[in-house]
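Everything below belongs to final09.pdb, which stores PDB, C-alpha atoms.
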ATOM      1  CA  MET F  15     -18.601 -55.966-134.487
ATOM      2  CA  VAL F  16     -19.813 -55.111-130.980
ATOM      3  CA  VAL F  17     -18.789 -51.655-129.765
ATOM      4  CA  VAL F  18     -19.057 -50.646-126.110
ATOM      5  CA  THR F  19     -18.381 -47.169-124.773
ATOM      6  CA  VAL F  20     -17.034 -47.076-121.209
ATOM      7  CA  ALA F  21     -15.841 -43.936-119.447
ATOM      8  CA  GLY F  22     -15.602 -42.156-122.777
ATOM      9  CA  MET F  23     -13.533 -44.884-124.457
ATOM     10  CA  ARG F  24     -14.747 -47.166-127.236
ATOM     11  CA  MET F  25     -13.964 -50.874-126.871
ATOM     12  CA  SER F  26     -14.665 -53.423-129.570
ATOM     13  CA  ASN F  27     -13.615 -56.874-130.766
ATOM     14  CA  ALA F  28     -11.523 -56.737-133.921
ATOM     15  CA  THR F  29     -13.516 -59.742-135.174
ATOM     16  CA  GLU F  30     -16.479 -61.611-133.765
ATOM     17  CA  LEU F  31     -16.036 -64.257-131.117
ATOM     18  CA  THR F  32     -17.204 -67.722-132.154
ATOM     19  CA  ALA F  33     -19.174 -70.398-130.340
ATOM     20  CA  GLU F  34     -15.913 -72.341-130.043
ATOM     21  CA  HIS F  35     -14.269 -69.443-128.196
ATOM     22  CA  HIS F  36     -17.127 -69.362-125.684
ATOM     23  CA  ALA F  37     -17.122 -73.156-125.256
ATOM     24  CA  GLN F  38     -13.371 -73.331-124.627
ATOM     25  CA  LEU F  39     -13.554 -70.581-122.013
ATOM     26  CA  ALA F  40     -16.609 -72.176-120.383
ATOM     27  CA  GLU F  41     -14.562 -75.349-119.842
ATOM     28  CA  LEU F  42     -12.431 -73.269-117.479
ATOM     29  CA  GLY F  43     -15.406 -71.520-115.907
ATOM     30  CA  LEU F  44     -14.693 -68.265-117.763
ATOM     31  CA  ARG F  45     -16.660 -65.889-119.968
ATOM     32  CA  THR F  46     -15.365 -63.240-122.322
ATOM     33  CA  ASP F  47     -16.898 -60.470-120.215
ATOM     34  CA  HIS F  48     -14.670 -61.534-117.306
ATOM     35  CA  LEU F  49     -11.612 -60.997-119.487
ATOM     36  CA  ASP F  50     -12.920 -57.825-121.134
ATOM     37  CA  GLU F  51     -13.615 -56.153-117.796
ATOM     38  CA  ALA F  52     -10.113 -56.932-116.550
ATOM     39  CA  ILE F  53      -8.446 -55.715-119.730
ATOM     40  CA  TRP F  54     -10.562 -52.562-119.813
ATOM     41  CA  ALA F  55      -9.680 -51.772-116.187
ATOM     42  CA  GLY F  56      -5.996 -51.973-117.068
ATOM     43  CA  VAL F  57      -6.370 -49.794-120.149
ATOM     44  CA  ASP F  58      -8.373 -47.215-118.199
ATOM     45  CA  ALA F  59      -5.670 -47.108-115.514
ATOM     46  CA  ARG F  60      -2.952 -46.858-118.178
ATOM     47  CA  ALA F  61      -4.620 -43.761-119.605
ATOM     48  CA  SER F  62      -4.536 -42.129-116.156
ATOM     49  CA  ALA F  63      -0.746 -42.331-115.817
ATOM     50  CA  PRO F  64       0.727 -38.845-115.243
ATOM     51  CA  PRO F  65       2.690 -37.585-118.260
ATOM     52  CA  LEU F  66       5.744 -36.825-116.107
ATOM     53  CA  GLY F  67       5.554 -40.028-114.123
ATOM     54  CA  PRO F  68       8.061 -42.886-114.432
ATOM     55  CA  THR F  69       8.389 -44.349-117.916
ATOM     56  CA  ASN F  70       7.061 -47.713-116.726
ATOM     57  CA  GLY F  71       4.163 -46.153-114.807
ATOM     58  CA  ALA F  72       1.462 -46.786-117.416
ATOM     59  CA  GLY F  73       2.307 -50.478-117.719
ATOM     60  CA  LEU F  74       2.485 -50.940-113.961
ATOM     61  CA  LEU F  75      -0.903 -49.286-113.443
ATOM     62  CA  ASP F  76      -2.335 -51.474-116.205
ATOM     63  CA  TRP F  77      -1.093 -54.650-114.512
ATOM     64  CA  ILE F  78      -2.278 -53.668-111.018
ATOM     65  CA  HIS F  79      -5.800 -52.853-112.171
ATOM     66  CA  ARG F  80      -6.045 -55.798-114.573
ATOM     67  CA  VAL F  81      -5.133 -58.256-111.817
ATOM     68  CA  GLY F  82      -7.439 -56.556-109.337
ATOM     69  CA  ARG F  83     -10.463 -56.405-111.621
ATOM     70  CA  LEU F  84     -10.020 -59.965-112.880
ATOM     71  CA  ARG F  85     -10.018 -61.251-109.326
ATOM     72  CA  GLU F  86     -12.892 -58.977-108.336
ATOM     73  CA  VAL F  87     -15.280 -60.238-111.031
ATOM     74  CA  LEU F  88     -14.338 -63.882-110.496
ATOM     75  CA  VAL F  89     -14.468 -63.793-106.682
ATOM     76  CA  ALA F  90     -18.007 -62.402-107.058
ATOM     77  CA  GLU F  91     -18.851 -65.672-108.855
ATOM     78  CA  GLY F  92     -17.360 -67.975-106.239
ATOM     79  CA  TRP F  93     -13.686 -68.082-107.170
ATOM     80  CA  THR F  94     -11.092 -67.679-104.405
ATOM     81  CA  ARG F  95      -8.323 -65.118-104.243
ATOM     82  CA  VAL F  96      -4.918 -66.836-104.114
ATOM     83  CA  ASP F  97      -1.855 -64.939-102.928
ATOM     84  CA  LYS F  98       0.437 -67.944-102.617
ATOM     85  CA  TRP F  99       4.006 -66.612-102.810
ATOM     86  CA  ASN F 100       2.567 -63.184-103.798
ATOM     87  CA  ALA F 101       1.618 -64.550-107.220
ATOM     88  CA  GLY F 102      -1.710 -62.687-107.470
ATOM     89  CA  LEU F 103      -3.951 -65.518-108.714
ATOM     90  CA  VAL F 104      -7.570 -66.643-108.438
ATOM     91  CA  GLN F 105      -8.855 -70.234-108.111
ATOM     92  CA  HIS F 106     -12.003 -71.810-109.565
ATOM     93  CA  PRO F 107     -14.542 -72.849-106.889
ATOM     94  CA  THR F 108     -14.799 -76.512-107.953
ATOM     95  CA  LYS F 109     -12.085 -77.211-110.527
ATOM     96  CA  PRO F 110      -8.300 -77.160-109.958
ATOM     97  CA  VAL F 111      -7.991 -74.184-112.306
ATOM     98  CA  VAL F 112      -5.882 -71.244-111.158
ATOM     99  CA  LEU F 113      -5.735 -68.111-113.297
ATOM    100  CA  GLY F 114      -3.183 -65.311-113.400
ATOM    101  CA  THR F 115      -2.112 -62.611-115.826
ATOM    102  CA  LEU F 116       0.896 -62.533-118.100
ATOM    103  CA  GLN F 117       2.354 -60.237-120.729
ATOM    104  CA  GLY F 118       3.017 -61.998-124.004
ATOM    105  CA  ASN F 119       4.552 -60.854-127.292
ATOM    106  CA  ARG F 120       3.282 -59.708-130.680
ATOM    107  CA  HIS F 121       2.153 -63.282-131.431
ATOM    108  CA  THR F 122      -0.366 -63.240-128.584
ATOM    109  CA  GLY F 123      -3.767 -64.320-129.871
ATOM    110  CA  THR F 124      -2.423 -65.738-133.160
ATOM    111  CA  PRO F 125      -2.969 -69.513-133.499
ATOM    112  CA  GLY F 126       0.228 -71.425-134.206
ATOM    113  CA  ALA F 127       2.491 -68.391-133.788
ATOM    114  CA  PRO F 128       5.404 -68.569-131.285
ATOM    115  CA  LEU F 129       3.917 -67.067-128.133
ATOM    116  CA  ARG F 130       6.344 -66.283-125.326
ATOM    117  CA  SER F 131       6.216 -64.345-122.079
ATOM    118  CA  ASP F 132       7.877 -60.973-122.017
ATOM    119  CA  TYR F 133       9.651 -61.712-118.745
ATOM    120  CA  ALA F 134      11.434 -64.692-117.195
ATOM    121  CA  LYS F 135       9.568 -66.407-114.363
ATOM    122  CA  GLY F 136      10.696 -66.474-110.761
ATOM    123  CA  PRO F 137      10.606 -69.492-108.417
ATOM    124  CA  ALA F 138       7.003 -68.966-107.291
ATOM    125  CA  ILE F 139       5.399 -69.163-110.732
ATOM    126  CA  ALA F 140       7.836 -71.868-111.827
ATOM    127  CA  ALA F 141       6.810 -73.993-108.828
ATOM    128  CA  MET F 142       3.122 -73.552-109.601
ATOM    129  CA  MET F 143       3.613 -74.669-113.211
ATOM    130  CA  ARG F 144       4.980 -78.064-112.214
ATOM    131  CA  GLY F 145       1.521 -79.650-112.217
ATOM    132  CA  ASN F 146       0.690 -78.346-115.692
ATOM    133  CA  ASP F 147       0.328 -80.530-118.760
ATOM    134  CA  ARG F 148       3.140 -81.133-121.201
ATOM    135  CA  ASP F 149       1.410 -82.423-124.304
ATOM    136  CA  GLN F 150      -2.332 -82.399-123.719
ATOM    137  CA  PHE F 151      -5.092 -81.112-121.507
ATOM    138  CA  THR F 152      -5.411 -83.460-118.541
ATOM    139  CA  LEU F 153      -8.946 -84.241-117.440
ATOM    140  CA  PHE F 154      -9.778 -82.641-114.120
ATOM    141  CA  ASP F 155     -10.923 -85.881-112.510
ATOM    142  CA  SER F 156      -7.500 -87.463-113.117
ATOM    143  CA  LEU F 157      -5.727 -84.986-110.849
ATOM    144  CA  HIS F 158      -4.639 -85.440-107.279
ATOM    145  CA  THR F 159      -6.446 -83.177-104.848
ATOM    146  CA  HIS F 160      -3.362 -81.023-104.211
ATOM    147  CA  GLU F 161      -2.623 -80.315-107.878
ATOM    148  CA  TRP F 162      -3.478 -77.083-109.662
ATOM    149  CA  LYS F 163      -3.563 -76.262-113.342
ATOM    150  CA  LEU F 164      -2.122 -72.793-113.820
ATOM    151  CA  TRP F 165      -3.510 -70.728-116.703
ATOM    152  CA  PHE F 166      -2.890 -67.129-117.704
ATOM    153  CA  LEU F 167      -4.831 -64.341-119.304
ATOM    154  CA  VAL F 168      -2.069 -63.347-121.729
ATOM    155  CA  THR F 169      -2.172 -59.835-123.192
ATOM    156  CA  TYR F 170       0.003 -57.636-125.352
ATOM    157  CA  PRO F 171      -0.870 -53.962-125.957
ATOM    158  CA  GLN F 172       0.247 -52.189-129.093
ATOM    159  CA  GLN F 173      -0.426 -48.634-130.185
ATOM    160  CA  GLU F 174      -1.921 -48.208-133.663
ATOM    161  CA  GLY F 175      -2.337 -44.497-134.303
ATOM    162  CA  GLU F 176      -4.881 -43.212-131.796
ATOM    163  CA  ARG F 177      -6.067 -46.710-130.971
ATOM    164  CA  LEU F 178      -4.683 -49.129-128.418
ATOM    165  CA  VAL F 179      -5.071 -52.728-129.603
ATOM    166  CA  VAL F 180      -4.796 -55.396-126.913
ATOM    167  CA  LEU F 181      -3.880 -58.849-128.241
ATOM    168  CA  ARG F 182      -5.222 -61.541-125.930
ATOM    169  CA  GLU F 183      -5.634 -65.222-125.204
ATOM    170  CA  VAL F 184      -6.025 -67.625-122.302
ATOM    171  CA  ALA F 185      -3.186 -70.131-122.240
ATOM    172  CA  GLN F 186      -1.790 -72.956-120.139
ATOM    173  CA  PRO F 187       2.020 -73.075-120.102
ATOM    174  CA  GLU F 188       4.043 -76.228-119.913
ATOM    175  CA  PRO F 189       6.253 -76.528-116.820
ATOM    176  CA  THR F 190       9.051 -73.953-117.119
ATOM    177  CA  PRO F 191      12.196 -73.653-114.960
ATOM    178  CA  GLN F 192      12.634 -70.461-112.986
ATOM    179  CA  GLY F 193      14.675 -67.762-114.652
ATOM    180  CA  GLN F 194      13.364 -68.633-118.114
ATOM    181  CA  VAL F 195      10.688 -67.082-120.293
ATOM    182  CA  VAL F 196       7.616 -69.202-120.961
ATOM    183  CA  ASP F 197       7.639 -70.312-124.602
ATOM    184  CA  ARG F 198       6.037 -73.766-124.568
ATOM    185  CA  TRP F 199       2.294 -74.176-124.124
ATOM    186  CA  ALA F 200       0.059 -77.158-123.394
ATOM    187  CA  ARG F 201      -3.051 -75.371-124.631
ATOM    188  CA  ARG F 202      -3.949 -71.961-126.037
ATOM    189  CA  ILE F 203      -7.376 -70.379-126.395
ATOM    190  CA  THR F 204      -6.625 -67.575-128.846
ATOM    191  CA  LEU F 205      -9.100 -64.688-128.980
ATOM    192  CA  PRO F 206      -9.587 -61.734-131.342
ATOM    193  CA  PRO F 207      -7.968 -58.480-130.178
ATOM    194  CA  LEU F 208      -9.776 -55.801-128.230
ATOM    195  CA  VAL F 209      -9.590 -52.341-129.772
ATOM    196  CA  PHE F 210      -9.698 -49.191-127.629
ATOM    197  CA  GLY F 211      -9.793 -45.686-128.958
ATOM    198  CA  PRO F 212      -9.208 -42.949-129.382
ATOM    199  CA  LEU F 213      -6.580 -42.863-126.639
ATOM    200  CA  PRO F 214      -3.573 -40.659-125.972
ATOM    201  CA  ALA F 215      -0.425 -42.494-126.995
ATOM    202  CA  PRO F 216       1.506 -43.675-123.914
ATOM    203  CA  ARG F 217       5.250 -43.242-123.837
ATOM    204  CA  ASP F 218       5.777 -46.920-123.126
ATOM    205  CA  PRO F 219       2.939 -49.071-124.481
ATOM    206  CA  HIS F 220       4.200 -52.186-122.737
ATOM    207  CA  GLY F 221       5.771 -51.192-119.429
ATOM    208  CA  PRO F 222       6.226 -53.907-116.818
ATOM    209  CA  ASP F 223       3.206 -56.164-117.030
ATOM    210  CA  GLU F 224       3.826 -57.957-113.791
ATOM    211  CA  VAL F 225       5.745 -57.969-110.559
ATOM    212  CA  ASP F 226       7.419 -61.349-110.132
ATOM    213  CA  VAL F 227       8.511 -61.345-106.501
ATOM    214  CA  THR F 228      11.530 -63.550-105.832
ATOM    215  CA  VAL F 229      10.381 -65.882-103.064
ATOM    216  CA  THR F 230      11.824 -69.310-102.385
ATOM    217  CA  PRO F 231       8.966 -71.803-101.813
ATOM    218  CA  ARG F 232       9.106 -73.835 -98.621
ATOM    219  CA  ARG F 233       9.991 -77.450 -99.080
TER     220      ARG F 233
END
Take the structure from the file and write it as structure tokens.
Amino acid sequence: MVVVTVAGMRMSNATELTAEHHAQLAELGLRTDHLDEAIWAGVDARASAPPLGPTNGAGLLDWIHRVGRLREVLVAEGWTRVDKWNAGLVQHPTKPVVLGTLQGNRHTGTPGAPLRSDYAKGPAIAAMMRGNDRDQFTLFDSLHTHEWKLWFLVTYPQQEGERLVVLREVAQPEPTPQGQVVDRWARRITLPPLVFGPLPAPRDPHGPDEVDVTVTPRR
């Protein structure tokens, strides 16, 4: 088990990552350190929430900093910030891969378990999922130039005593109508949880993971 101490907090993988994990992420142009930095930034921000702040403050801070750090580390490697319809995404420099963040459920990171998003999707995200696969991973060279493949870094934080355990995976949803939770997936790259601790227990370990702005796409 690899243990890293950052800003006084210990972060470790619950189990070791495998060569297959690294290969699957590399297919999308990702590395585990990209994901770890983003998740850590969110956890660090969550811990800074004022004790008398709003009950959803910790989760909102987590989401803001996770999105920001994920885009920061990837833009530094040639990805492009995408704010189409305020969705808060980042696009691969040469592949039609677009990555966002999403809060899942307690099955996040568990192969074969029924993963679903914690919130229903608005019209912006629903529109961007239309080009996604339904049954299999479509080869990049078979896509039209205007098509994107939308993926998410899916996380789910749960408090375990003094530790915060973040369940995680990178997943591609099937097209999902607006107003519905995402519960069907074309492909999932499940990863072992990240363990942080010791941390003060937040009042709301989940909070709102995202801000899904209701915007009607132009036709």
Next on the checklist: When you look at segment 165-174 of chain F with a cut-off of 7 Å (counting only C-alpha atoms), what residues show up, excluding the ones that are within fewer than 4 positions of it in the same chain? I need them as a list in words.
Outcome noted: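 Answer for this query is Val112, Leu113, Gly114, Thr115, Leu116, Gln117, Gly118, Asn119, Arg120, Thr122, Leu178, Val179, Val180, Leu181, Arg182, Glu183, Val184, Ala185, Gln186, Pro187, Ala215, Pro219 and His220 of chain F.
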Next on the checklist: Here's the selection I'm unsure about, the PyMOL selection byres ((chain F and resi 81-90) around 10); applied to the file above, which residues does it give, as a VMD selection string?
Outcome noted: chain F and resid 43 to 45 47 to 56 76 to 80 91 to 96 102 to 107 113 to 116 167 224
Next on the checklist: Applying 9 Å and all atoms listed in the file, which residues near segment 192-206 of chain F remain after dropping the ones on its own chain fewer than 3 positions away? List them as an MDAnalysis selection string.
Outcome noted: chainID F and resid 27:31 35 38:39 122:125 128:141 146:151 181:189
Would you mind exporting the chosen residues as a short mmCIF file (atom, residue, chain, number, x, y, z; two decimals), in the coordinates of the input, restricted to C-alpha atoms?
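The resulting file, out-v3.cif, is reproduced below:
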data_model
loop_
_atom_site.label_atom_id
_atom_site.label_comp_id
_atom_site.auth_asym_id
_atom_site.auth_seq_id
_atom_site.Cartn_x
_atom_site.Cartn_y
_atom_site.Cartn_z
CA ASN F 27 -13.62 -56.87 -130.77
CA ALA F 28 -11.52 -56.74 -133.92
CA THR F 29 -13.52 -59.74 -135.17
CA GLU F 30 -16.48 -61.61 -133.76
CA LEU F 31 -16.04 -64.26 -131.12
CA HIS F 35 -14.27 -69.44 -128.20
CA GLN F 38 -13.37 -73.33 -124.63
CA LEU F 39 -13.55 -70.58 -122.01
CA THR F 122 -0.37 -63.24 -128.58
CA GLY F 123 -3.77 -64.32 -129.87
CA THR F 124 -2.42 -65.74 -133.16
CA PRO F 125 -2.97 -69.51 -133.50
CA PRO F 128 5.40 -68.57 -131.28
CA LEU F 129 3.92 -67.07 -128.13
CA ARG F 130 6.34 -66.28 -125.33
CA SER F 131 6.22 -64.34 -122.08
CA ASP F 132 7.88 -60.97 -122.02
CA TYR F 133 9.65 -61.71 -118.74
CA ALA F 134 11.43 -64.69 -117.20
CA LYS F 135 9.57 -66.41 -114.36
CA GLY F 136 10.70 -66.47 -110.76
CA PRO F 137 10.61 -69.49 -108.42
CA ALA F 138 7.00 -68.97 -107.29
CA ILE F 139 5.40 -69.16 -110.73
CA ALA F 140 7.84 -71.87 -111.83
CA ALA F 141 6.81 -73.99 -108.83
CA ASN F 146 0.69 -78.35 -115.69
CA ASP F 147 0.33 -80.53 -118.76
CA ARG F 148 3.14 -81.13 -121.20
CA ASP F 149 1.41 -82.42 -124.30
CA GLN F 150 -2.33 -82.40 -123.72
CA PHE F 151 -5.09 -81.11 -121.51
CA LEU F 181 -3.88 -58.85 -128.24
CA ARG F 182 -5.22 -61.54 -125.93
CA GLU F 183 -5.63 -65.22 -125.20
CA VAL F 184 -6.02 -67.62 -122.30
CA ALA F 185 -3.19 -70.13 -122.24
CA GLN F 186 -1.79 -72.96 -120.14
CA PRO F 187 2.02 -73.08 -120.10
CA GLU F 188 4.04 -76.23 -119.91
CA PRO F 189 6.25 -76.53 -116.82
#
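With atom CA of Pro65 of chain F on one side and atom CA of Pro212 of chain F on the other, the separation reads 17.1 Å.
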Let me know the centre plus edge lengths, in Å and rounded to one decimal, of a box with edges along x, y and z that contains all listed atoms of segment 202-212 of chain F and is padded by 6 Å on every side, as AutoDock Vina command-line options.
--center_x -6.9 --center_y -57.5 --center_z -128.7 --size_x 17.8 --size_y 41.0 --size_z 17.3
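Closest approach to Asp97 of chain F among F:Ala61, F:Ala37, F:Pro68, F:Met142 is made by F:Met142 (distances from all atoms listed in the file).
From atom CA of Arg144 of chain F back to atom CA of Lys98 of chain F, the distance works out to 14.7 Å.
Between atom CA of Lys163 of chain F and atom CA of Gly145 of chain F there is a distance of 6.2 Å.
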